[in-house]
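Trainee: Structure incoming, see below.
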Amino acid sequence: MIGNPVTTRSEFAQNALGRTVPTMVNNKPQVPYLGVGQFRPHGKKAGPPLRSSSAYPENGDKRVADLETALRNAGLADGMVISSHHHLRDGDRVALLALEAAARLGAKDLTWFPSASFPSQKGAIELMESGVIDHIEGSLNGPLGDYCTQGKMRGMGVLRSHGGRWQAIQDGEVHIDIAIIAAPTADAFGNADGSHGKSACGSLGFALADSMYADRVIVVTDTLVPFPCIPWQIQGNNVDFVVAVDSIGDPAKIVSGTTEITRSPDRLRIAEWVARFLRESGIMRNGFSFQAGAGGIALAFVDYLRRFMKEDGVKARFVRGGSTRYLVELLQEGLTDYILDGQTFDLDGVKSIASDPRHVATSPFTSYNYHGKGNFASMVDAVVLGATEVDLQFNANVVTHSDGRLLHGIGGWQNCLAAGCTILALPSFRDRIPVIVNEVTTLTGPGELIDVVVTERGIAINPRRQDLLDRMKGSGLPIRPIEDIKKEVERICGGEPARPKRSRHPVAIVKWVDGTVLDTVWQVG
């Protein structure tokens with residue numbers, strides 16, 4: 001069995017931010033976080049496997065009867081790494097179909113390596129309990145995160161950002177044995193596209209690295225078209241087998257609670273203040289760029305910013321997605337030249353990426369990969385994100401709640417911190433639990449990269465950003481020290497929340513964008 005090795009205190013180290021992290025995870029040595037920009041890899045990237053076209057049908061038809069046949073032909077064996085992507089979000093059906101097919105074939109001790117997981121995939125818990133899956137390396141949302149936090153997963157979870165996942169694949173940290181790609185449209189050769197078909201979900205960028213680096217690649221589609229599938233986001237030259245099924249998922253469930261605009265007056269105030277901050281600081285200007293997350297506050301911010309851009313006659317050169325109808329409206333109204341889209345968050349975005357050449361599908365390689373010769377994230381002027389906690393050093397947490405439970409994934413959040421101005425837009429408390437704390441429960445992003453915290457009780461600018469402090473002198477916005485906001489909120493909520501009671505048993509690690517270990521998630525409950 002490949003399960004989690006016994007971890008002794010000698011197998012822990014303190015990283016550059018003073019967090020205690022394991023130096024061995026799932027039988028692999030780890031490098032503790034060294035600081036922003038301090039870890040420099042060397043050598044060559046991992047290479048895709050060599051294949052010969054003589055091993056494939058001369059007519060190019062790679063179809064097989066079902067997933068079990070595809071997995072058997074791909075050489076499924078115990079202990080393999082099976083990957084999947086999450087562009088269909090909570091509507092995906094393919095990842096579980098593949099894992100259940102692997103179970104029927106008798107596979108054990110698999111590592112599931114999704115770009116993200118969702119509550120709809122909670123059936124993976126049964127597969128972990130039966131020994132089919134040893135552990136998950138990928139975002140652990142909802143029931144899967146809770147299962148991991150309780151220490152029930154045999155191996156340790158490994159949480160990476162979207163860019164960190166690409167980094168792990170290309171650097172050889174994770175070797176994918178079999179990649180499963182849910183494709184809304186595909187041809188028999190394996191060319192695949194996400195923007196057309198009855199289950200269209202937009203971009204397939206998160207599956208691109210899997211298609212390039214995996215030993216074997218299986219495309220699963222519910223819309224098979226004659227060759228060639230145009231446009232193709234996944235090239236058939238990288239695909240081994242094609243499986244046609246009745247349904248790969250429900251695209252309506254791409255939309256979730258995190259992709260709907262807030263209706264809360266307090267949160268709308270936060271969104272307006274963020275937009276005003278960009279305007280008054282001079283960041284909002286002709287040719288600027290921005291990215292907003294998929295939360296309700298971030299979506300409302302885009303709506304406010306759109307009004308200010310119209311009033312001031314300002315046009316953005318590009319906006320970064322996750323795309324939503326709010327970004328699509330900017331494009332249609334001529335307020336931006338391009339949407340550079342990593343994933344599509346609603347059906348308006350899906351329709352736009354399928355029909356408008358200015359709406360461009362991207363991948364983590366172009367957008368977020370830290371071990372490359374640059375990426376788009378560093379070229380964005382401002383990014384607006386959420387968080388579950390932020391502390392007095394501006395460190396932030398997005399993966400656990402204040403009780404220590406692992407309920408969220410990182411997504412592209414860490415990668416976005418490379419923007420010119422990183423803004424966290426968040427309510428000052430949730431369920432009477434303050435969001436600003438002395439020290440975050442789980443460190444997901446270092447404070448030196450977080451510039452501004454906007455709450456309904458004021459705006460805190462990181463003292464490291466003297467330039468922003470100078471620009472906002474005399475502003476009508478409520479600029480306040482973060483310590484003052486924290487004290488006011490604690491008076492309202494009755495003090496700082498109690499620290500979670502955690503064991504000293506690690507259940508998951510949080511990776512930084514360079515592959516080093518930023519923090520540990522500890523067992524609770």
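Here, A, B, ... name the chains of the structure tokens in the order displayed, residue numbers run from 1 inside each chain, and ligands are numbered from 1 in the same displayed order.
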Select from range 204-305 of chain A every residue with an atom at most 12 Å from any atom of range 412-424 of chain A, then for each give the shortest pair of atoms and their distance in Å to one decimal, using only C-alpha atoms, rows by chain and rising number, as a tab-separated table.

Mentor:
```
residue	atom	partner	partner_atom	distance
A:Phe206	CA	A:Gly412	CA	11.0
A:Ile270	CA	A:Leu424	CA	10.1
A:Ala271	CA	A:Leu424	CA	10.5
A:Trp273	CA	A:Ile423	CA	11.1
A:Val274	CA	A:Ile423	CA	7.9
A:Ala275	CA	A:Ile423	CA	10.6
A:Phe277	CA	A:Ile423	CA	9.8
A:Leu278	CA	A:Cys421	CA	9.3
A:Ser281	CA	A:Cys421	CA	10.5
A:Gly282	CA	A:Cys421	CA	11.5
A:Ile283	CA	A:Cys421	CA	8.6
A:Met284	CA	A:Cys421	CA	11.4
A:Phe288	CA	A:Gly420	CA	10.7
A:Ser289	CA	A:Ala419	CA	9.7
A:Phe290	CA	A:Ala419	CA	8.5
A:Gln291	CA	A:Cys416	CA	8.2
A:Ala292	CA	A:Cys416	CA	9.5
A:Gly293	CA	A:Trp413	CA	8.2
A:Ala294	CA	A:Trp413	CA	10.6
A:Gly295	CA	A:Leu424	CA	11.4
A:Ile297	CA	A:Leu424	CA	10.1
A:Ala298	CA	A:Leu424	CA	9.4
A:Phe301	CA	A:Ile423	CA	11.4
```

Trainee: Write out as a list in words each polymer residue whose atoms come within 8 Å of range 507-510 of chain A, counting only C-alpha atoms; drop sequence neighbours fewer than 3 positions from it.

Mentor: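 Listed by chain and then number, they are Val21, Cys148, Thr149, Gln150, Gly151, Met153, Gly155, Met156, Gly157, Val158, Leu159, Arg160, Leu443, Thr444, Val517, Leu518, Asp519, Thr520, Val521, Trp522 and Gln523 of chain A.
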
Trainee: Neighbours of range 38-53 of chain A within 8 Å (only C-alpha atoms; same-chain residues fewer than 6 positions away dropped), as a ChimeraX atom specification?

Mentor: /A:169-172,212-215,371,514,516

Trainee: Go through range 34-109 of chain A and collect every residue that DSSP, computed from the backbone, puts in strand (DSSP E); the answer should be as a PyMOL selection string.

Mentor: chain A and resi 63-64+81-84

Trainee: Looking at only C-alpha atoms, which of A:Arg502, A:Arg432, A:Arg358, A:Arg72 is the one that sits closest to Phe241 in chain A?

Mentor: A:Arg72

Trainee: Show me, as a PyMOL selection string, the residues that have an atom within 9 Å of Leu268 in chain A when counting only C-alpha atoms, minus same-chain residues fewer than 4 positions from it.

Mentor: chain A and resi 262-264+272-273+296-297+300-301+456

Trainee: From the list A:Phe394, A:Tyr33, A:Tyr368, A:Trp232, which residue is nearest Val437 in chain A when using only C-alpha atoms?

Mentor: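 Smallest separation from Val437 in chain A among the options: A:Phe394.
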
Trainee: Can you tell me which residues surround range 100-110 of chain A at a distance of at most 12 Å, considering only C-alpha atoms, apart from same-chain residues fewer than 4 positions away, and format the answer as a ChimeraX atom specification?

Mentor: /A:1-4,26,66-83,93-96,121,123-137,153-155,176-178,180

Trainee: Produce a file of the selected residues containing N, CA and C atoms, as a tab-separated table (two decimals), in the first residue's frame.

Mentor:
```
chain	number	residue	atom	x	y	z
A	1	MET	N	0.85	-1.20	0.00
A	1	MET	CA	0.00	0.00	0.00
A	1	MET	C	0.88	1.24	0.00
A	2	ILE	N	0.42	2.29	-0.72
A	2	ILE	CA	1.23	3.49	-0.84
A	2	ILE	C	0.90	4.48	0.27
A	3	GLY	N	0.13	4.22	1.24
A	3	GLY	CA	-0.41	5.21	2.17
A	3	GLY	C	0.59	6.20	2.75
A	4	ASN	N	0.09	7.14	3.50
A	4	ASN	CA	0.90	8.21	4.09
A	4	ASN	C	1.95	7.64	5.05
A	26	ASN	N	3.89	11.80	1.15
A	26	ASN	CA	3.58	10.71	0.23
A	26	ASN	C	4.85	10.09	-0.36
A	66	ASP	N	-15.64	1.80	-24.43
A	66	ASP	CA	-16.03	2.40	-23.16
A	66	ASP	C	-14.78	2.74	-22.35
A	67	LEU	N	-15.01	3.35	-21.19
A	67	LEU	CA	-13.90	3.79	-20.35
A	67	LEU	C	-13.09	2.61	-19.82
A	68	GLU	N	-13.75	1.52	-19.49
A	68	GLU	CA	-13.01	0.36	-18.99
A	68	GLU	C	-12.04	-0.16	-20.04
A	69	THR	N	-12.49	-0.21	-21.28
A	69	THR	CA	-11.60	-0.65	-22.36
A	69	THR	C	-10.43	0.32	-22.53
A	70	ALA	N	-10.73	1.62	-22.47
A	70	ALA	CA	-9.67	2.62	-22.62
A	70	ALA	C	-8.65	2.50	-21.50
A	71	LEU	N	-9.12	2.34	-20.26
A	71	LEU	CA	-8.20	2.23	-19.12
A	71	LEU	C	-7.38	0.95	-19.20
A	72	ARG	N	-8.02	-0.14	-19.61
A	72	ARG	CA	-7.31	-1.41	-19.74
A	72	ARG	C	-6.23	-1.28	-20.82
A	73	ASN	N	-6.59	-0.69	-21.96
A	73	ASN	CA	-5.62	-0.52	-23.04
A	73	ASN	C	-4.50	0.45	-22.66
A	74	ALA	N	-4.81	1.38	-21.74
A	74	ALA	CA	-3.80	2.35	-21.29
A	74	ALA	C	-2.85	1.74	-20.27
A	75	GLY	N	-3.10	0.49	-19.87
A	75	GLY	CA	-2.20	-0.18	-18.93
A	75	GLY	C	-2.45	0.15	-17.49
A	76	LEU	N	-3.70	0.44	-17.12
A	76	LEU	CA	-4.03	0.78	-15.74
A	76	LEU	C	-3.42	-0.23	-14.77
A	77	ALA	N	-2.76	0.29	-13.73
A	77	ALA	CA	-2.14	-0.57	-12.72
A	77	ALA	C	-2.22	0.11	-11.36
A	78	ASP	N	-2.05	-0.68	-10.31
A	78	ASP	CA	-2.06	-0.14	-8.95
A	78	ASP	C	-1.02	0.96	-8.79
A	79	GLY	N	-1.38	1.98	-8.00
A	79	GLY	CA	-0.43	3.04	-7.66
A	79	GLY	C	-0.27	4.12	-8.70
A	80	MET	N	-1.05	4.07	-9.78
A	80	MET	CA	-0.89	5.07	-10.84
A	80	MET	C	-1.47	6.43	-10.45
A	81	VAL	N	-1.08	7.44	-11.20
A	81	VAL	CA	-1.62	8.80	-11.07
A	81	VAL	C	-2.63	9.01	-12.20
A	82	ILE	N	-3.88	9.29	-11.82
A	82	ILE	CA	-4.97	9.52	-12.77
A	82	ILE	C	-5.38	10.98	-12.65
A	83	SER	N	-5.37	11.70	-13.76
A	83	SER	CA	-5.70	13.14	-13.71
A	83	SER	C	-7.03	13.42	-14.39
A	93	ARG	N	-19.19	14.89	-14.82
A	93	ARG	CA	-19.52	13.50	-14.54
A	93	ARG	C	-18.37	12.56	-14.91
A	94	VAL	N	-17.40	13.06	-15.67
A	94	VAL	CA	-16.40	12.17	-16.26
A	94	VAL	C	-15.38	11.67	-15.25
A	95	ALA	N	-14.90	12.53	-14.34
A	95	ALA	CA	-13.87	12.12	-13.40
A	95	ALA	C	-14.32	10.92	-12.58
A	96	LEU	N	-15.53	10.99	-12.02
A	96	LEU	CA	-16.03	9.87	-11.23
A	96	LEU	C	-16.29	8.63	-12.09
A	121	GLN	N	-18.48	15.37	-6.71
A	121	GLN	CA	-17.57	14.23	-6.80
A	121	GLN	C	-17.32	13.58	-5.44
A	123	GLY	N	-18.51	11.11	-4.31
A	123	GLY	CA	-18.44	9.66	-4.45
A	123	GLY	C	-17.02	9.14	-4.37
A	124	ALA	N	-16.02	10.04	-4.55
A	124	ALA	CA	-14.62	9.63	-4.41
A	124	ALA	C	-14.30	9.20	-2.98
A	125	ILE	N	-15.11	9.63	-2.01
A	125	ILE	CA	-14.89	9.22	-0.61
A	125	ILE	C	-15.03	7.72	-0.48
A	126	GLU	N	-16.06	7.15	-1.09
A	126	GLU	CA	-16.26	5.70	-1.06
A	126	GLU	C	-15.07	4.98	-1.70
A	127	LEU	N	-14.53	5.56	-2.76
A	127	LEU	CA	-13.39	4.95	-3.44
A	127	LEU	C	-12.12	5.04	-2.58
A	128	MET	N	-12.01	6.10	-1.76
A	128	MET	CA	-10.88	6.18	-0.85
A	128	MET	C	-11.03	5.16	0.28
A	129	GLU	N	-12.27	5.00	0.77
A	129	GLU	CA	-12.50	4.06	1.86
A	129	GLU	C	-12.29	2.61	1.43
A	130	SER	N	-12.50	2.33	0.15
A	130	SER	CA	-12.31	0.97	-0.36
A	130	SER	C	-10.89	0.73	-0.84
A	131	GLY	N	-10.04	1.77	-0.81
A	131	GLY	CA	-8.65	1.59	-1.19
A	131	GLY	C	-8.35	1.81	-2.66
A	132	VAL	N	-9.34	2.19	-3.45
A	132	VAL	CA	-9.09	2.48	-4.86
A	132	VAL	C	-8.23	3.73	-4.99
A	133	ILE	N	-8.59	4.79	-4.24
A	133	ILE	CA	-7.82	6.03	-4.23
A	133	ILE	C	-7.05	6.12	-2.93
A	134	ASP	N	-5.75	6.36	-3.01
A	134	ASP	CA	-4.94	6.55	-1.81
A	134	ASP	C	-5.06	7.99	-1.31
A	135	HIS	N	-4.87	8.95	-2.21
A	135	HIS	CA	-4.98	10.35	-1.82
A	135	HIS	C	-5.26	11.21	-3.04
A	136	ILE	N	-5.58	12.46	-2.77
A	136	ILE	CA	-5.90	13.43	-3.83
A	136	ILE	C	-4.87	14.55	-3.80
A	137	GLU	N	-4.33	14.87	-4.95
A	137	GLU	CA	-3.46	16.04	-5.10
A	137	GLU	C	-4.20	17.03	-5.99
A	153	MET	N	-8.15	10.41	4.95
A	153	MET	CA	-7.47	10.06	3.71
A	153	MET	C	-6.12	9.42	4.04
A	154	ARG	N	-5.82	8.30	3.42
A	154	ARG	CA	-4.61	7.57	3.81
A	154	ARG	C	-3.34	8.34	3.47
A	155	GLY	N	-3.25	8.85	2.28
A	155	GLY	CA	-2.13	9.71	1.93
A	155	GLY	C	-2.44	11.15	2.28
A	176	ILE	N	1.99	12.05	-14.58
A	176	ILE	CA	0.64	11.53	-14.85
A	176	ILE	C	0.74	10.26	-15.68
A	177	ASP	N	0.19	9.19	-15.17
A	177	ASP	CA	0.16	7.94	-15.92
A	177	ASP	C	-0.96	7.95	-16.95
A	178	ILE	N	-2.17	8.32	-16.50
A	178	ILE	CA	-3.33	8.34	-17.41
A	178	ILE	C	-4.11	9.63	-17.18
A	180	ILE	N	-7.50	11.82	-18.04
A	180	ILE	CA	-8.88	11.71	-18.50
A	180	ILE	C	-9.37	13.12	-18.83
```

Trainee: Within 10 Å of Gly321 in chain A, counting only C-alpha atoms, which residues qualify if same-chain residues fewer than 2 places away don't, as number ranges by chain?

Mentor: A: 290-294, 318-319, 323-324, 327-328, 339-345, 349, 359-362

Trainee: Against range 189-193 of chain A, which residues of range 211-312 of chain A fall within 6 Å? For each one I want the closest pair of atoms and the distance in Å (one decimal), counting only C-alpha atoms, rows by chain and increasing residue number, as a Markdown table.

Mentor:
```
| residue | atom | partner | partner_atom | distance |
| --- | --- | --- | --- | --- |
| A:Cys229 | CA | A:Asn191 | CA | 5.8 |
| A:Trp232 | CA | A:Asp193 | CA | 4.8 |
| A:Gln233 | CA | A:Asp193 | CA | 5.1 |
| A:Ile234 | CA | A:Ala192 | CA | 5.0 |
| A:Gln235 | CA | A:Asn191 | CA | 4.7 |
| A:Gly236 | CA | A:Gly190 | CA | 3.9 |
| A:Val239 | CA | A:Gly190 | CA | 5.5 |
```

Trainee: Keeping only N, CA and C atoms, write the selected residues to a file as a PDB file, in the first residue's frame.

Mentor:
```pdb
ATOM      1  N   CYS A 229     -12.160  18.318 -35.776  1.00  0.00           N
ATOM      2  CA  CYS A 229     -12.861  19.117 -34.768  1.00  0.00           C
ATOM      3  C   CYS A 229     -12.196  20.492 -34.736  1.00  0.00           C
ATOM      4  N   TRP A 232      -9.620  23.220 -32.255  1.00  0.00           N
ATOM      5  CA  TRP A 232      -9.213  22.242 -31.265  1.00  0.00           C
ATOM      6  C   TRP A 232      -8.338  22.900 -30.221  1.00  0.00           C
ATOM      7  N   GLN A 233      -8.636  22.637 -28.982  1.00  0.00           N
ATOM      8  CA  GLN A 233      -7.815  23.100 -27.867  1.00  0.00           C
ATOM      9  C   GLN A 233      -6.894  21.990 -27.375  1.00  0.00           C
ATOM     10  N   ILE A 234      -7.327  20.754 -27.557  1.00  0.00           N
ATOM     11  CA  ILE A 234      -6.507  19.571 -27.282  1.00  0.00           C
ATOM     12  C   ILE A 234      -6.177  18.938 -28.630  1.00  0.00           C
ATOM     13  N   GLN A 235      -4.912  18.702 -28.890  1.00  0.00           N
ATOM     14  CA  GLN A 235      -4.503  18.137 -30.167  1.00  0.00           C
ATOM     15  C   GLN A 235      -4.574  16.618 -30.136  1.00  0.00           C
ATOM     16  N   GLY A 236      -5.191  16.049 -31.168  1.00  0.00           N
ATOM     17  CA  GLY A 236      -5.330  14.607 -31.243  1.00  0.00           C
ATOM     18  C   GLY A 236      -4.005  13.870 -31.288  1.00  0.00           C
ATOM     19  N   VAL A 239      -3.338  12.300 -28.046  1.00  0.00           N
ATOM     20  CA  VAL A 239      -4.423  11.490 -27.481  1.00  0.00           C
ATOM     21  C   VAL A 239      -4.276  10.040 -27.927  1.00  0.00           C
TER      22      VAL A 239
END
```

Trainee: Between A:Ala382, A:Leu406, A:Leu299, A:Gly495, single out the one closest to Pro143 in chain A, counting only C-alpha atoms.

Mentor: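 Looking at the shortest contact to Pro143 in chain A, the residue is A:Leu406.
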
Trainee: How would you write, as a PDB file with C-alpha atoms, in the first residue's frame, the set of residues in range 167-371 of chain A that DSSP gives as helix (DSSP H, G or I)?

Mentor:
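Everything below was put into selection.pdb:
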```
ATOM      1  CA  GLN A 167       4.704  23.705 -12.604  1.00  0.00           C
ATOM      2  CA  ALA A 168       4.462  20.338 -10.838  1.00  0.00           C
ATOM      3  CA  ILE A 169       3.810  18.506 -14.113  1.00  0.00           C
ATOM      4  CA  GLN A 170       6.473  20.212 -16.200  1.00  0.00           C
ATOM      5  CA  GLY A 205      -6.828  25.090 -20.772  1.00  0.00           C
ATOM      6  CA  PHE A 206      -6.453  23.216 -17.473  1.00  0.00           C
ATOM      7  CA  ALA A 207      -6.274  19.902 -19.361  1.00  0.00           C
ATOM      8  CA  LEU A 208      -3.577  21.058 -21.776  1.00  0.00           C
ATOM      9  CA  ALA A 209      -0.601  20.053 -19.606  1.00  0.00           C
ATOM     10  CA  ASP A 210      -2.213  16.651 -18.958  1.00  0.00           C
ATOM     11  CA  SER A 211      -2.596  16.048 -22.699  1.00  0.00           C
ATOM     12  CA  MET A 212       1.041  16.947 -23.323  1.00  0.00           C
ATOM     13  CA  TYR A 213       2.797  15.174 -20.453  1.00  0.00           C
ATOM     14  CA  GLY A 236      -5.330  14.607 -31.243  1.00  0.00           C
ATOM     15  CA  ASN A 237      -1.624  13.874 -31.759  1.00  0.00           C
ATOM     16  CA  ASN A 238      -1.365  13.741 -27.944  1.00  0.00           C
ATOM     17  CA  PRO A 251     -22.966  22.740 -18.162  1.00  0.00           C
ATOM     18  CA  ALA A 252     -25.687  24.584 -16.223  1.00  0.00           C
ATOM     19  CA  LYS A 253     -23.758  23.666 -13.069  1.00  0.00           C
ATOM     20  CA  ILE A 254     -20.738  25.624 -14.232  1.00  0.00           C
ATOM     21  CA  GLY A 257     -22.916  30.316  -5.657  1.00  0.00           C
ATOM     22  CA  THR A 258     -19.456  31.772  -6.234  1.00  0.00           C
ATOM     23  CA  THR A 259     -20.413  33.072  -9.670  1.00  0.00           C
ATOM     24  CA  PRO A 265     -25.628  46.160   0.965  1.00  0.00           C
ATOM     25  CA  ASP A 266     -22.375  45.849   2.933  1.00  0.00           C
ATOM     26  CA  ARG A 267     -20.745  43.765   0.226  1.00  0.00           C
ATOM     27  CA  LEU A 268     -21.967  46.078  -2.497  1.00  0.00           C
ATOM     28  CA  ARG A 269     -20.298  48.912  -0.561  1.00  0.00           C
ATOM     29  CA  ILE A 270     -17.048  46.946  -0.591  1.00  0.00           C
ATOM     30  CA  ALA A 271     -17.340  46.397  -4.347  1.00  0.00           C
ATOM     31  CA  GLU A 272     -17.952  50.101  -4.964  1.00  0.00           C
ATOM     32  CA  TRP A 273     -14.989  51.106  -2.785  1.00  0.00           C
ATOM     33  CA  VAL A 274     -12.702  48.748  -4.704  1.00  0.00           C
ATOM     34  CA  ALA A 275     -13.758  50.297  -8.007  1.00  0.00           C
ATOM     35  CA  ARG A 276     -13.330  53.804  -6.577  1.00  0.00           C
ATOM     36  CA  PHE A 277      -9.886  52.836  -5.264  1.00  0.00           C
ATOM     37  CA  LEU A 278      -8.759  51.845  -8.757  1.00  0.00           C
ATOM     38  CA  ARG A 279     -10.160  55.076 -10.132  1.00  0.00           C
ATOM     39  CA  GLU A 280      -8.713  57.418  -7.512  1.00  0.00           C
ATOM     40  CA  GLY A 296     -20.130  37.888  -5.466  1.00  0.00           C
ATOM     41  CA  ILE A 297     -18.136  40.953  -4.357  1.00  0.00           C
ATOM     42  CA  ALA A 298     -15.690  40.660  -7.250  1.00  0.00           C
ATOM     43  CA  LEU A 299     -18.530  40.421  -9.766  1.00  0.00           C
ATOM     44  CA  ALA A 300     -20.211  43.503  -8.294  1.00  0.00           C
ATOM     45  CA  PHE A 301     -16.865  45.316  -8.491  1.00  0.00           C
ATOM     46  CA  VAL A 302     -16.744  44.701 -12.253  1.00  0.00           C
ATOM     47  CA  ASP A 303     -20.200  46.239 -12.597  1.00  0.00           C
ATOM     48  CA  TYR A 304     -19.168  49.376 -10.680  1.00  0.00           C
ATOM     49  CA  LEU A 305     -15.889  49.651 -12.581  1.00  0.00           C
ATOM     50  CA  ARG A 306     -17.768  49.422 -15.863  1.00  0.00           C
ATOM     51  CA  ARG A 307     -19.804  52.493 -14.897  1.00  0.00           C
ATOM     52  CA  PHE A 308     -16.672  54.447 -13.950  1.00  0.00           C
ATOM     53  CA  MET A 309     -14.918  53.460 -17.179  1.00  0.00           C
ATOM     54  CA  LYS A 310     -17.876  54.742 -19.168  1.00  0.00           C
ATOM     55  CA  GLU A 311     -18.000  57.989 -17.195  1.00  0.00           C
ATOM     56  CA  ASP A 312     -14.260  58.632 -17.650  1.00  0.00           C
ATOM     57  CA  ARG A 325     -21.287  37.841 -18.332  1.00  0.00           C
ATOM     58  CA  TYR A 326     -19.920  40.977 -16.656  1.00  0.00           C
ATOM     59  CA  LEU A 327     -16.608  40.647 -18.505  1.00  0.00           C
ATOM     60  CA  VAL A 328     -18.444  39.703 -21.699  1.00  0.00           C
ATOM     61  CA  GLU A 329     -20.474  42.921 -21.437  1.00  0.00           C
ATOM     62  CA  LEU A 330     -17.249  44.933 -21.195  1.00  0.00           C
ATOM     63  CA  LEU A 331     -16.057  43.305 -24.410  1.00  0.00           C
ATOM     64  CA  GLN A 332     -19.357  43.811 -26.226  1.00  0.00           C
ATOM     65  CA  LEU A 347     -23.011  30.274 -19.935  1.00  0.00           C
ATOM     66  CA  ASP A 348     -22.658  33.834 -21.250  1.00  0.00           C
ATOM     67  CA  GLY A 349     -18.912  33.293 -21.119  1.00  0.00           C
ATOM     68  CA  VAL A 350     -19.279  29.950 -22.924  1.00  0.00           C
ATOM     69  CA  LYS A 351     -21.294  31.558 -25.720  1.00  0.00           C
ATOM     70  CA  SER A 352     -18.809  34.414 -26.047  1.00  0.00           C
ATOM     71  CA  ILE A 353     -15.678  32.246 -26.235  1.00  0.00           C
ATOM     72  CA  ALA A 354     -17.347  30.171 -28.947  1.00  0.00           C
ATOM     73  CA  SER A 355     -18.241  33.109 -31.161  1.00  0.00           C
ATOM     74  CA  PRO A 364      -1.952  28.032 -16.961  1.00  0.00           C
ATOM     75  CA  PHE A 365       1.267  27.898 -19.009  1.00  0.00           C
ATOM     76  CA  THR A 366       0.624  31.323 -20.529  1.00  0.00           C
ATOM     77  CA  SER A 367      -1.236  32.758 -17.561  1.00  0.00           C
TER      78      SER A 367
END
```

Trainee: Go ahead and compute the interatomic distance for CA of Val399 in chain A and CA of His85 in chain A, in Å to one decimal.

Mentor: 19.1 Å

Trainee: Report, in Å with one decimal, the straight-line distance from CA of Ser115 in chain A to CA of Arg165 in chain A.

Mentor: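 Separating CA of Ser115 in chain A from CA of Arg165 in chain A is a distance of 7.3 Å.
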
Trainee: Name the closest residue to Val245 in chain A among the candidates A:Ile218, A:Ala377, A:Ala65, A:Val384; distances are taken between atoms, counting only C-alpha atoms.

Mentor: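 Selected residue with least distance to Val245 in chain A: A:Ala65.
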
Trainee: Using Å and a single decimal, report how far CA of Val453 in chain A sits from CA of Ala396 in chain A.

Mentor: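 Computing it gives 10.2 Å between the two atoms.
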
Trainee: When distances are computed from only C-alpha atoms, which of A:Val398, A:Thr442, A:Lys122, A:Ala387 shows the smallest separation from Leu426 in chain A?

Mentor: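 Using only C-alpha atoms, Leu426 in chain A sits closest to A:Ala387.
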